[in-house]
file model39.txt (compact mmCIF, C-alpha atoms and all ligand atoms)
# COMPACT_ATOMS: atom_id res chain seq x y z
CA MET S 842 0.00 0.00 0.00
CA ARG S 843 1.16 3.52 -0.80
CA HIS S 844 1.17 6.09 2.00
CA PHE S 845 2.42 9.69 1.61
CA LEU S 846 4.07 10.60 4.92
CA THR S 847 7.33 12.37 4.00
CA LEU S 848 9.07 13.23 0.72
CA ALA S 849 12.10 11.27 1.97
CA ASP S 850 10.06 8.06 1.38
CA LEU S 851 9.95 8.79 -2.36
CA THR S 852 12.50 7.87 -5.00
CA PRO S 853 13.57 10.72 -7.32
CA GLU S 854 11.60 8.96 -10.08
CA GLN S 855 8.43 8.84 -7.95
CA MET S 856 8.76 12.52 -7.03
CA GLN S 857 9.18 13.45 -10.69
CA ALA S 858 6.27 11.21 -11.71
CA LEU S 859 4.03 12.89 -9.12
CA LEU S 860 4.99 16.32 -10.45
CA ASP S 861 4.33 15.19 -14.04
CA LEU S 862 0.93 13.82 -12.99
CA ALA S 863 0.10 17.10 -11.23
CA VAL S 864 0.97 19.04 -14.40
CA ARG S 865 -1.24 16.71 -16.49
CA ILE S 866 -4.23 16.89 -14.15
CA LYS S 867 -3.87 20.65 -13.74
CA SER S 868 -3.79 21.33 -17.48
CA ALA S 869 -6.72 18.97 -18.12
CA TRP S 870 -8.73 20.77 -15.45
CA LYS S 871 -7.77 24.21 -16.82
CA ALA S 872 -8.80 23.06 -20.32
CA GLY S 873 -12.25 22.27 -18.97
CA GLU S 874 -11.86 18.49 -19.29
CA GLU S 875 -13.50 16.10 -16.85
CA THR S 876 -11.05 14.44 -14.43
CA PRO S 877 -13.08 11.65 -12.78
CA TYR S 878 -10.05 9.67 -11.56
CA LEU S 879 -11.61 9.07 -8.13
CA LYS S 880 -15.27 8.62 -8.96
CA GLY S 881 -17.14 7.30 -5.94
CA LYS S 882 -14.08 7.45 -3.63
CA VAL S 883 -14.22 9.08 -0.19
CA LEU S 884 -11.41 10.88 1.65
CA GLY S 885 -11.53 11.17 5.47
CA MET S 886 -9.76 14.32 6.70
CA ILE S 887 -8.64 14.25 10.35
CA PHE S 888 -7.49 17.58 11.80
CA GLN S 889 -5.79 18.20 15.15
CA LYS S 890 -4.94 21.79 14.14
CA PRO S 891 -6.59 24.65 12.20
CA SER S 892 -6.30 24.97 8.41
CA LEU S 893 -7.50 26.99 5.44
CA ARG S 894 -5.47 25.69 2.47
CA THR S 895 -5.19 22.01 3.42
CA ARG S 896 -8.82 21.63 4.37
CA VAL S 897 -10.32 23.46 1.39
CA SER S 898 -7.88 22.21 -1.27
CA PHE S 899 -8.29 18.54 -0.32
CA ASP S 900 -12.07 18.92 -0.18
CA VAL S 901 -12.21 20.61 -3.59
CA ALA S 902 -9.64 18.18 -5.05
CA MET S 903 -11.90 15.23 -4.20
CA LEU S 904 -14.96 16.97 -5.67
CA GLN S 905 -13.15 17.79 -8.91
CA LEU S 906 -11.88 14.19 -9.16
CA GLY S 907 -15.42 12.85 -8.84
CA GLY S 908 -15.26 11.81 -5.17
CA ASN S 909 -16.12 13.23 -1.77
CA ALA S 910 -14.33 14.39 1.37
CA LEU S 911 -15.35 14.31 5.04
CA TYR S 912 -13.99 16.99 7.37
CA LEU S 913 -13.38 15.75 10.92
CA SER S 914 -12.52 18.65 13.21
CA PRO S 915 -10.10 18.55 16.16
CA ASP S 916 -13.08 18.23 18.54
CA GLU S 917 -14.60 15.35 16.61
CA ILE S 918 -12.16 12.45 16.79
CA GLN S 919 -9.77 13.74 19.47
CA LEU S 920 -7.03 11.48 18.12
CA GLY S 921 -5.42 9.51 20.96
CA LYS S 922 -7.68 11.04 23.62
CA ARG S 923 -11.22 9.81 22.99
CA GLU S 924 -9.85 6.74 21.24
CA SER S 925 -6.41 5.33 20.50
CA VAL S 926 -4.75 6.28 17.22
CA ALA S 927 -4.64 2.60 16.24
CA ASP S 928 -8.39 2.13 16.76
CA VAL S 929 -9.18 5.34 14.89
CA ALA S 930 -7.11 4.01 11.97
CA ARG S 931 -8.81 0.60 12.04
CA VAL S 932 -12.33 2.09 12.21
CA ILE S 933 -12.01 4.88 9.66
CA SER S 934 -10.45 2.41 7.17
CA ARG S 935 -13.78 0.56 7.15
CA TYR S 936 -15.61 3.69 5.87
CA VAL S 937 -13.31 5.64 3.59
CA ASN S 938 -10.89 4.87 0.73
CA VAL S 939 -8.08 7.20 1.82
CA VAL S 940 -7.22 9.24 4.93
CA MET S 941 -5.48 12.62 5.23
CA ALA S 942 -4.46 13.72 8.72
CA ARG S 943 -2.96 16.88 10.21
CA VAL S 944 -1.36 16.02 13.55
CA PHE S 945 0.94 17.43 16.22
CA GLY S 946 3.43 14.56 16.68
CA HIS S 947 4.70 12.82 13.54
CA ALA S 948 4.49 9.51 15.47
CA ASP S 949 0.69 9.82 15.22
CA ILE S 950 0.71 9.90 11.43
CA VAL S 951 3.11 6.96 11.37
CA ALA S 952 0.78 5.04 13.73
CA LEU S 953 -2.25 5.90 11.58
CA ALA S 954 -0.45 4.51 8.54
CA ARG S 955 0.64 1.43 10.44
CA TYR S 956 -2.87 0.45 11.53
CA ALA S 957 -4.94 1.78 8.60
CA THR S 958 -5.90 -0.58 5.80
CA VAL S 959 -6.22 2.35 3.36
CA PRO S 960 -3.56 4.88 2.23
CA VAL S 961 -2.67 7.69 4.66
CA ILE S 962 -1.52 11.16 3.56
CA ASN S 963 0.36 13.53 5.90
CA GLY S 964 -1.44 16.90 5.86
CA LEU S 965 1.28 18.37 8.17
CA SER S 966 3.00 17.06 11.27
CA ASP S 967 5.62 18.64 13.53
CA TYR S 968 8.24 16.88 11.37
CA SER S 969 7.16 17.50 7.79
CA HIS S 970 4.65 19.01 5.38
CA PRO S 971 5.08 16.94 2.21
CA CYS S 972 1.89 18.12 0.43
CA GLN S 973 3.19 21.67 0.74
CA GLY S 974 6.55 20.51 -0.63
CA MET S 975 4.93 18.95 -3.71
CA ALA S 976 2.94 22.13 -4.40
CA ASP S 977 6.09 24.22 -3.93
CA PHE S 978 8.22 22.26 -6.40
CA LEU S 979 5.35 22.34 -8.91
CA THR S 980 5.31 26.14 -8.47
CA ILE S 981 9.10 26.43 -8.87
CA LEU S 982 8.96 24.33 -12.05
CA GLU S 983 6.23 26.55 -13.48
CA HIS S 984 8.14 29.75 -12.78
CA LYS S 985 11.69 28.59 -13.46
CA GLY S 986 11.22 25.87 -16.09
CA SER S 987 13.53 23.49 -14.19
CA VAL S 988 14.89 23.05 -10.67
CA ARG S 989 18.20 21.21 -11.19
CA GLY S 990 21.15 23.37 -10.17
CA LYS S 991 18.95 26.30 -9.10
CA LYS S 992 19.40 27.74 -5.60
CA LEU S 993 16.62 27.71 -2.99
CA VAL S 994 17.33 29.68 0.19
CA TYR S 995 15.13 29.18 3.26
CA LEU S 996 15.25 31.92 5.91
CA GLY S 997 13.79 31.67 9.41
CA ASP S 998 12.75 28.68 11.47
CA GLY S 999 14.07 25.18 10.70
CA ASN S 1000 10.63 23.58 10.81
CA ASN S 1001 8.39 21.03 9.07
CA VAL S 1002 8.24 23.09 5.86
CA ALA S 1003 12.03 23.62 5.81
CA THR S 1004 12.42 19.84 6.17
CA SER S 1005 10.11 18.99 3.26
CA LEU S 1006 11.89 21.55 1.07
CA LEU S 1007 15.27 20.03 1.94
CA TYR S 1008 14.09 16.53 1.00
CA GLY S 1009 12.37 17.69 -2.21
CA ALA S 1010 15.36 19.76 -3.31
CA ALA S 1011 17.77 16.91 -2.56
CA LEU S 1012 15.60 14.45 -4.53
CA LEU S 1013 15.31 16.75 -7.55
CA GLY S 1014 18.89 18.04 -7.67
CA MET S 1015 18.14 21.59 -6.51
CA ASP S 1016 20.65 23.40 -4.28
CA TYR S 1017 19.35 24.21 -0.78
CA THR S 1018 20.69 26.75 1.71
CA LEU S 1019 19.26 27.16 5.21
CA SER S 1020 19.77 30.24 7.37
CA THR S 1021 18.27 30.28 10.87
CA PRO S 1022 19.07 31.75 14.28
CA LYS S 1023 21.39 29.55 16.37
CA GLY S 1024 19.46 26.67 17.90
CA TYR S 1025 16.61 26.85 15.37
CA GLY S 1026 18.13 24.80 12.57
CA LEU S 1027 17.19 21.29 11.44
CA HIS S 1028 17.88 18.21 13.55
CA PRO S 1029 21.13 16.38 12.60
CA ALA S 1030 19.11 13.29 11.60
CA ILE S 1031 17.24 15.41 9.05
CA TRP S 1032 20.54 16.67 7.60
CA ASP S 1033 21.80 13.08 7.42
CA MET S 1034 18.75 12.12 5.38
CA GLY S 1035 19.11 15.25 3.23
CA ARG S 1036 22.77 14.44 2.56
CA ARG S 1037 21.92 10.86 1.56
CA LEU S 1038 19.33 12.09 -0.96
CA ALA S 1039 21.58 14.91 -2.21
CA ALA S 1040 24.47 12.50 -2.80
CA GLN S 1041 22.29 10.66 -5.35
CA SER S 1042 21.09 13.76 -7.19
CA GLY S 1043 24.21 15.90 -6.96
CA SER S 1044 22.52 18.82 -5.22
CA THR S 1045 24.46 20.99 -2.77
CA ILE S 1046 22.91 21.48 0.67
CA ALA S 1047 24.34 24.01 3.10
CA VAL S 1048 23.86 26.08 6.25
CA VAL S 1049 24.86 29.75 6.07
CA ASP S 1050 24.47 31.65 9.32
CA ASP S 1051 24.36 35.17 7.90
CA PRO S 1052 21.02 35.62 6.08
CA LEU S 1053 22.43 38.39 3.87
CA VAL S 1054 25.17 36.04 2.66
CA ALA S 1055 22.75 33.10 2.34
CA VAL S 1056 20.47 34.89 -0.16
CA GLU S 1057 23.27 35.83 -2.57
CA ASP S 1058 22.35 34.68 -6.09
CA ALA S 1059 19.21 32.90 -4.90
CA ASP S 1060 16.68 31.74 -7.50
CA VAL S 1061 14.08 31.15 -4.77
CA ILE S 1062 13.79 32.74 -1.33
CA TYR S 1063 11.40 30.91 0.99
CA THR S 1064 10.16 31.71 4.46
CA ASP S 1065 7.47 30.54 6.90
CA THR S 1066 6.08 31.61 10.25
CA TRP S 1067 8.63 31.96 13.05
CA THR S 1068 6.28 30.13 15.43
CA SER S 1069 4.57 26.98 14.19
CA MET S 1070 1.28 25.60 15.49
CA GLY S 1071 1.92 24.06 18.90
CA GLN S 1072 4.86 26.39 19.75
CA GLU S 1073 2.76 29.43 20.74
CA ALA S 1074 4.39 29.67 24.20
CA GLU S 1075 7.72 30.47 22.47
CA ALA S 1076 6.32 33.21 20.22
CA GLU S 1077 7.62 36.17 22.24
CA GLN S 1078 11.14 34.78 22.52
CA ARG S 1079 11.19 33.97 18.81
CA ARG S 1080 10.03 37.49 17.88
CA LYS S 1081 13.20 38.83 19.53
CA LEU S 1082 15.59 36.48 17.71
CA PHE S 1083 14.20 36.20 14.20
CA PRO S 1084 13.96 39.75 12.71
CA PRO S 1085 17.36 39.50 10.91
CA TYR S 1086 15.85 36.61 8.89
CA ARG S 1087 12.80 38.62 7.71
CA VAL S 1088 12.33 38.52 3.93
CA ASP S 1089 12.47 42.17 2.91
CA GLU S 1090 13.65 44.22 -0.06
CA GLN S 1091 17.23 44.33 1.24
CA LYS S 1092 17.44 40.51 0.98
CA LEU S 1093 15.80 40.48 -2.47
CA ALA S 1094 18.37 42.97 -3.77
CA ARG S 1095 21.15 40.43 -3.14
CA ALA S 1096 19.39 37.57 -4.92
CA LYS S 1097 19.14 36.99 -8.68
CA SER S 1098 17.12 39.70 -10.45
CA ASP S 1099 14.40 37.15 -11.35
CA VAL S 1100 14.22 35.62 -7.85
CA ILE S 1101 10.83 34.30 -6.76
CA VAL S 1102 9.65 34.63 -3.16
CA MET S 1103 7.68 31.83 -1.56
CA HIS S 1104 5.76 31.30 1.69
CA CYS S 1105 3.48 28.38 2.50
CA LEU S 1106 1.02 30.73 4.28
CA PRO S 1107 -0.52 31.76 6.62
CA ALA S 1108 1.84 34.78 6.62
CA HIS S 1109 2.52 37.04 9.57
CA ARG S 1110 3.07 40.17 7.57
CA GLY S 1111 5.64 42.46 9.14
CA GLU S 1112 7.28 39.51 10.91
CA GLU S 1113 8.84 36.91 8.59
CA ILE S 1114 7.88 38.80 5.40
CA THR S 1115 7.12 42.45 4.62
CA ASP S 1116 3.96 43.57 2.83
CA ALA S 1117 6.08 45.08 0.06
CA VAL S 1118 7.65 41.68 -0.70
CA ALA S 1119 4.52 39.56 -0.16
CA ASP S 1120 2.56 41.79 -2.55
CA GLY S 1121 5.50 42.67 -4.83
CA PRO S 1122 6.45 41.48 -8.32
CA HIS S 1123 8.65 38.57 -7.12
CA SER S 1124 5.96 37.01 -4.93
CA VAL S 1125 4.39 33.69 -6.03
CA LEU S 1126 2.57 33.11 -2.73
CA PHE S 1127 -0.88 32.64 -4.21
CA ASP S 1128 0.31 30.42 -7.06
CA GLN S 1129 1.71 28.16 -4.34
CA ALA S 1130 -1.61 28.18 -2.52
CA GLU S 1131 -3.44 27.27 -5.74
CA ASN S 1132 -0.97 24.50 -6.50
CA ARG S 1133 -1.85 22.74 -3.26
CA LEU S 1134 -5.05 21.77 -5.10
CA HIS S 1135 -3.30 20.41 -8.19
CA ALA S 1136 -0.41 18.71 -6.37
CA GLN S 1137 -2.78 16.99 -3.95
CA LYS S 1138 -4.94 15.68 -6.79
CA ALA S 1139 -1.81 13.92 -8.06
CA ILE S 1140 -1.03 12.57 -4.57
CA LEU S 1141 -4.59 11.26 -4.12
CA VAL S 1142 -4.63 9.60 -7.55
CA TRP S 1143 -1.17 8.12 -6.92
CA VAL S 1144 -1.86 6.62 -3.48
CA LEU S 1145 -5.08 5.09 -4.84
CA ASP S 1146 -3.20 3.82 -7.94
CA LYS S 1147 -5.71 5.40 -10.33
CA ALA S 1148 -3.32 7.30 -12.64
N1 LIG I 1201 0.05 26.03 4.09
C1 LIG I 1201 -0.90 25.39 4.78
O1 LIG I 1201 -0.81 24.18 5.04
O2 LIG I 1201 -1.96 26.15 5.14
P1 LIG I 1201 -3.13 25.71 6.14
O3 LIG I 1201 -2.52 25.61 7.51
O4 LIG I 1201 -4.14 26.83 6.06
O5 LIG I 1201 -3.70 24.41 5.70
N1 LIG I 1202 5.27 25.64 9.96
C1 LIG I 1202 3.86 25.97 10.01
C2 LIG I 1202 3.20 25.67 8.71
C3 LIG I 1202 1.76 26.05 8.62
C4 LIG I 1202 1.12 25.64 7.34
C5 LIG I 1202 3.21 25.22 11.16
O1 LIG I 1202 3.50 24.04 11.35
O2 LIG I 1202 2.39 25.82 11.84
call {"tool": "encode", "arguments": {"input": "model39.txt", "output": "structure tokens", "more": "lines below"}}
Ligand code: CP
Ligand code: NVA
result
Amino acid sequence: MRHFLTLADLTPEQMQALLDLAVRIKSAWKAGEETPYLKGKVLGMIFQKPSLRTRVSFDVAMLQLGGNALYLSPDEIQLGKRESVADVARVISRYVNVVMARVFGHADIVALARYATVPVINGLSDYSHPCQGMADFLTILEHKGSVRGKKLVYLGDGNNVATSLLYGAALLGMDYTLSTPKGYGLHPAIWDMGRRLAAQSGSTIAVVDDPLVAVEDADVIYTDTWTSMGQEAEAEQRRKLFPPYRVDEQKLARAKSDVIVMHCLPAHRGEEITDAVADGPHSVLFDQAENRLHAQKAILVWVLDKA
């Protein structure tokens, strides 16, 4: 059975095939063609955290593929509290064809996949956000034509999104530079995995402490919230440390002249990104948000083997 838990589980060929499928389904949809790949199929969506993009794009993806989606709010299932994760997985598998879950601890999504008898998709955990990563590489391909040898620079917090970008870049042969305050980088085990993947593709992965040096000659500058869901108690401390990593016009001026700026959203304007950059000519923020829909259609079709 195919689950979709982290990009590091994919081979480079599978990652490329998913992107190709996303391009095909997106252009068919834009051309007004029917795309009933998942006629009669039902997706169960389990959320432990809030969401706009993930919730709406998965729901609409299922509708446009001819199926249906069920939204199960954090109060509904109370994963691991009202019922064990294993029993939730066993029960929901008897009703739906595929499960997407947004959880706090990555161990919960791994447990769901272990006990489910249908495919499980990670809709964000504390460790990774692979659906976001797929949408982001689709967006980079659309704007840059190719990713191999191009330079992606991530500024800010070494979080779930930074991890998925590292894995995706390393799979596809894109160069990846991370710049974070001391103590907010990626776990050494994540770098080990990134290095293993990069060794196969030939991409260069690096940490550069000074954000103004990191962004030199960047093709893509990426940032995300300084405080992820579940870390709210640290927000004040983080607001003191992170301002040098804000994506502003000074950083853009040091990148390539055709640099694109990315953010998975929701944005905290004035913190990790300025209004001028988020709304400026280099921003592709809303293309990324749209591509969640198209990338996730490919993921759904792929895990259900309906391509
Ligand atoms: N980028 C993203 O996953 O957004 P939501 O939290 O709104 O789903
Ligand atoms: N890193 C953020 C991403 C939100 C889509 C978080 O986990 O809250």
call {"tool": "closest_atom_pairs", "arguments": {"input": "model39.txt", "of": "chain S", "to": "ligand LIG 1201 (chain I)", "cutoff": "7 Å", "atoms": "all atoms listed in the file", "output": "tab-separated table"}}
result
residue	atom	partner	partner_atom	distance
S:Pro891	CA	I:LIG1201	O3	6.3
S:Ser892	CA	I:LIG1201	O4	3.7
S:Leu893	CA	I:LIG1201	O4	3.4
S:Arg894	CA	I:LIG1201	O5	3.9
S:Thr895	CA	I:LIG1201	O5	3.6
S:Arg896	CA	I:LIG1201	O5	6.0
S:Leu965	CA	I:LIG1201	O1	6.9
S:Gln973	CA	I:LIG1201	N1	6.3
S:Cys1105	CA	I:LIG1201	N1	4.5
S:Leu1106	CA	I:LIG1201	N1	4.8
S:Pro1107	CA	I:LIG1201	O2	6.0
call {"tool": "atom_distance", "arguments": {"input": "model39.txt", "atom1": "atom CA of Leu1141 of chain S", "atom2": "atom CA of Lys871 of chain S"}}
result
18.4 Å
call {"tool": "closest_residue", "arguments": {"input": "model39.txt", "among": "S:Ala1059, S:Val1048, S:Ala1011, S:Val937", "to": "Pro1029 of chain S", "atoms": "all atoms listed in the file"}}
result
S:Val1048
call {"tool": "residues_around", "arguments": {"input": "model39.txt", "residues": "Met975 of chain S", "least_positions_apart": "2", "cutoff": "9 Å", "atoms": "all atoms listed in the file", "output": "ChimeraX atom specification"}}
result
/S:848,856,859-860,971-973,977-980,1005-1006,1009,1132-1133,1136-1137,1140
call {"tool": "atom_distance", "arguments": {"input": "model39.txt", "atom1": "atom CA of Tyr956 of chain S", "atom2": "atom CA of Thr847 of chain S"}}
result
17.4 Å
call {"tool": "closest_atom_pairs", "arguments": {"input": "model39.txt", "of": "chain S", "to": "ligand LIG 1202 (chain I)", "cutoff": "6 Å", "atoms": "only C-alpha atoms and all ligand atoms", "output": "Markdown table"}}
result
| residue | atom | partner | partner_atom | distance |
| --- | --- | --- | --- | --- |
| S:Asn1000 | CA | I:LIG1202 | N1 | 5.8 |
| S:Asn1001 | CA | I:LIG1202 | N1 | 5.6 |
| S:Val1002 | CA | I:LIG1202 | N1 | 5.7 |
| S:Ser1069 | CA | I:LIG1202 | O2 | 3.4 |
| S:Met1070 | CA | I:LIG1202 | O2 | 3.8 |
| S:Leu1106 | CA | I:LIG1202 | C4 | 5.9 |
call {"tool": "atom_distance", "arguments": {"input": "model39.txt", "atom1": "atom CA of Val1088 of chain S", "atom2": "atom CA of Val1056 of chain S"}}
result
9.8 Å
call {"tool": "residues_near_point", "arguments": {"input": "model39.txt", "point": "(23.3, 28.3, 9.7)", "cutoff": "9 Å", "atoms": "only C-alpha atoms", "output": "PyMOL selection string"}}
result
chain S and resi 1018-1023+1025-1026+1047-1052+1055
call {"tool": "residues_around", "arguments": {"input": "model39.txt", "residues": "Val944 of chain S", "least_positions_apart": "5", "cutoff": "7 Å", "atoms": "only C-alpha atoms", "output": "VMD selection string"}}
result
chain S and resid 888 to 890 949 to 950 965 to 966
call {"tool": "closest_residue", "arguments": {"input": "model39.txt", "among": "S:Leu1027, S:Leu846, S:Leu906, S:Leu1093", "to": "Ala869 of chain S", "atoms": "only C-alpha atoms"}}
result
S:Leu906
call {"tool": "closest_residue", "arguments": {"input": "model39.txt", "among": "S:Thr1045, S:Thr1004, S:Thr1066, S:Thr958", "to": "Asp1016 of chain S", "atoms": "all atoms listed in the file"}}
result
S:Thr1045
call {"tool": "closest_residue", "arguments": {"input": "model39.txt", "among": "S:Ile962, S:Val1102, S:Met886, S:Ala1139", "to": "His1123 of chain S", "atoms": "all atoms listed in the file"}}
result
S:Val1102
call {"tool": "closest_residue", "arguments": {"input": "model39.txt", "among": "S:Ile918, S:Ala927, S:Ala954, S:Ile866", "to": "Gln905 of chain S", "atoms": "all atoms listed in the file"}}
result
S:Ile866
call {"tool": "closest_residue", "arguments": {"input": "model39.txt", "among": "S:Tyr936, S:Pro853, S:Arg923, S:Lys867", "to": "Leu1012 of chain S", "atoms": "all atoms listed in the file"}}
result
S:Pro853
call {"tool": "residues_near_point", "arguments": {"input": "model39.txt", "point": "(8.3, 40.2, 0.4)", "cutoff": "12 Å", "atoms": "all atoms listed in the file", "output": "number ranges by chain"}}
result
S: 1061-1065, 1086-1094, 1100-1104, 1108-1126
call {"tool": "decode", "arguments": {"input": "model39.txt", "residues": "segment 925-943 of chain S", "atoms": "N, CA and C atoms", "output": "tab-separated table (two decimals), in the first residue's frame"}}
result
chain	number	residue	atom	x	y	z
S	925	SER	N	-7.82	5.45	20.87
S	925	SER	CA	-6.41	5.33	20.50
S	925	SER	C	-6.24	5.58	19.00
S	926	VAL	N	-5.04	6.02	18.63
S	926	VAL	CA	-4.75	6.28	17.22
S	926	VAL	C	-4.95	4.99	16.41
S	927	ALA	N	-4.52	3.87	16.96
S	927	ALA	CA	-4.64	2.60	16.24
S	927	ALA	C	-6.10	2.25	15.97
S	928	ASP	N	-6.97	2.45	16.98
S	928	ASP	CA	-8.39	2.13	16.76
S	928	ASP	C	-9.05	3.10	15.79
S	929	VAL	N	-8.66	4.38	15.86
S	929	VAL	CA	-9.18	5.34	14.89
S	929	VAL	C	-8.82	4.87	13.48
S	930	ALA	N	-7.58	4.46	13.30
S	930	ALA	CA	-7.11	4.01	11.97
S	930	ALA	C	-7.91	2.79	11.51
S	931	ARG	N	-8.10	1.84	12.42
S	931	ARG	CA	-8.81	0.60	12.04
S	931	ARG	C	-10.26	0.90	11.67
S	932	VAL	N	-10.91	1.80	12.44
S	932	VAL	CA	-12.33	2.09	12.21
S	932	VAL	C	-12.52	2.90	10.93
S	933	ILE	N	-11.76	3.99	10.81
S	933	ILE	CA	-12.01	4.88	9.66
S	933	ILE	C	-11.71	4.16	8.34
S	934	SER	N	-10.78	3.20	8.38
S	934	SER	CA	-10.45	2.41	7.17
S	934	SER	C	-11.65	1.61	6.67
S	935	ARG	N	-12.60	1.32	7.57
S	935	ARG	CA	-13.78	0.56	7.15
S	935	ARG	C	-14.80	1.43	6.42
S	936	TYR	N	-14.64	2.77	6.49
S	936	TYR	CA	-15.61	3.69	5.87
S	936	TYR	C	-15.10	4.40	4.64
S	937	VAL	N	-13.82	4.76	4.64
S	937	VAL	CA	-13.31	5.64	3.59
S	937	VAL	C	-12.23	4.92	2.78
S	938	ASN	N	-11.89	5.49	1.62
S	938	ASN	CA	-10.89	4.87	0.73
S	938	ASN	C	-9.48	5.39	0.97
S	939	VAL	N	-9.39	6.57	1.59
S	939	VAL	CA	-8.08	7.20	1.82
S	939	VAL	C	-8.24	8.19	2.96
S	940	VAL	N	-7.18	8.34	3.76
S	940	VAL	CA	-7.22	9.24	4.93
S	940	VAL	C	-6.14	10.30	4.77
S	941	MET	N	-6.49	11.55	5.10
S	941	MET	CA	-5.48	12.62	5.23
S	941	MET	C	-5.57	13.10	6.67
S	942	ALA	N	-4.43	13.26	7.33
S	942	ALA	CA	-4.46	13.72	8.72
S	942	ALA	C	-3.45	14.83	8.95
S	943	ARG	N	-3.85	15.81	9.74
S	943	ARG	CA	-2.96	16.88	10.21
S	943	ARG	C	-2.81	16.69	11.71
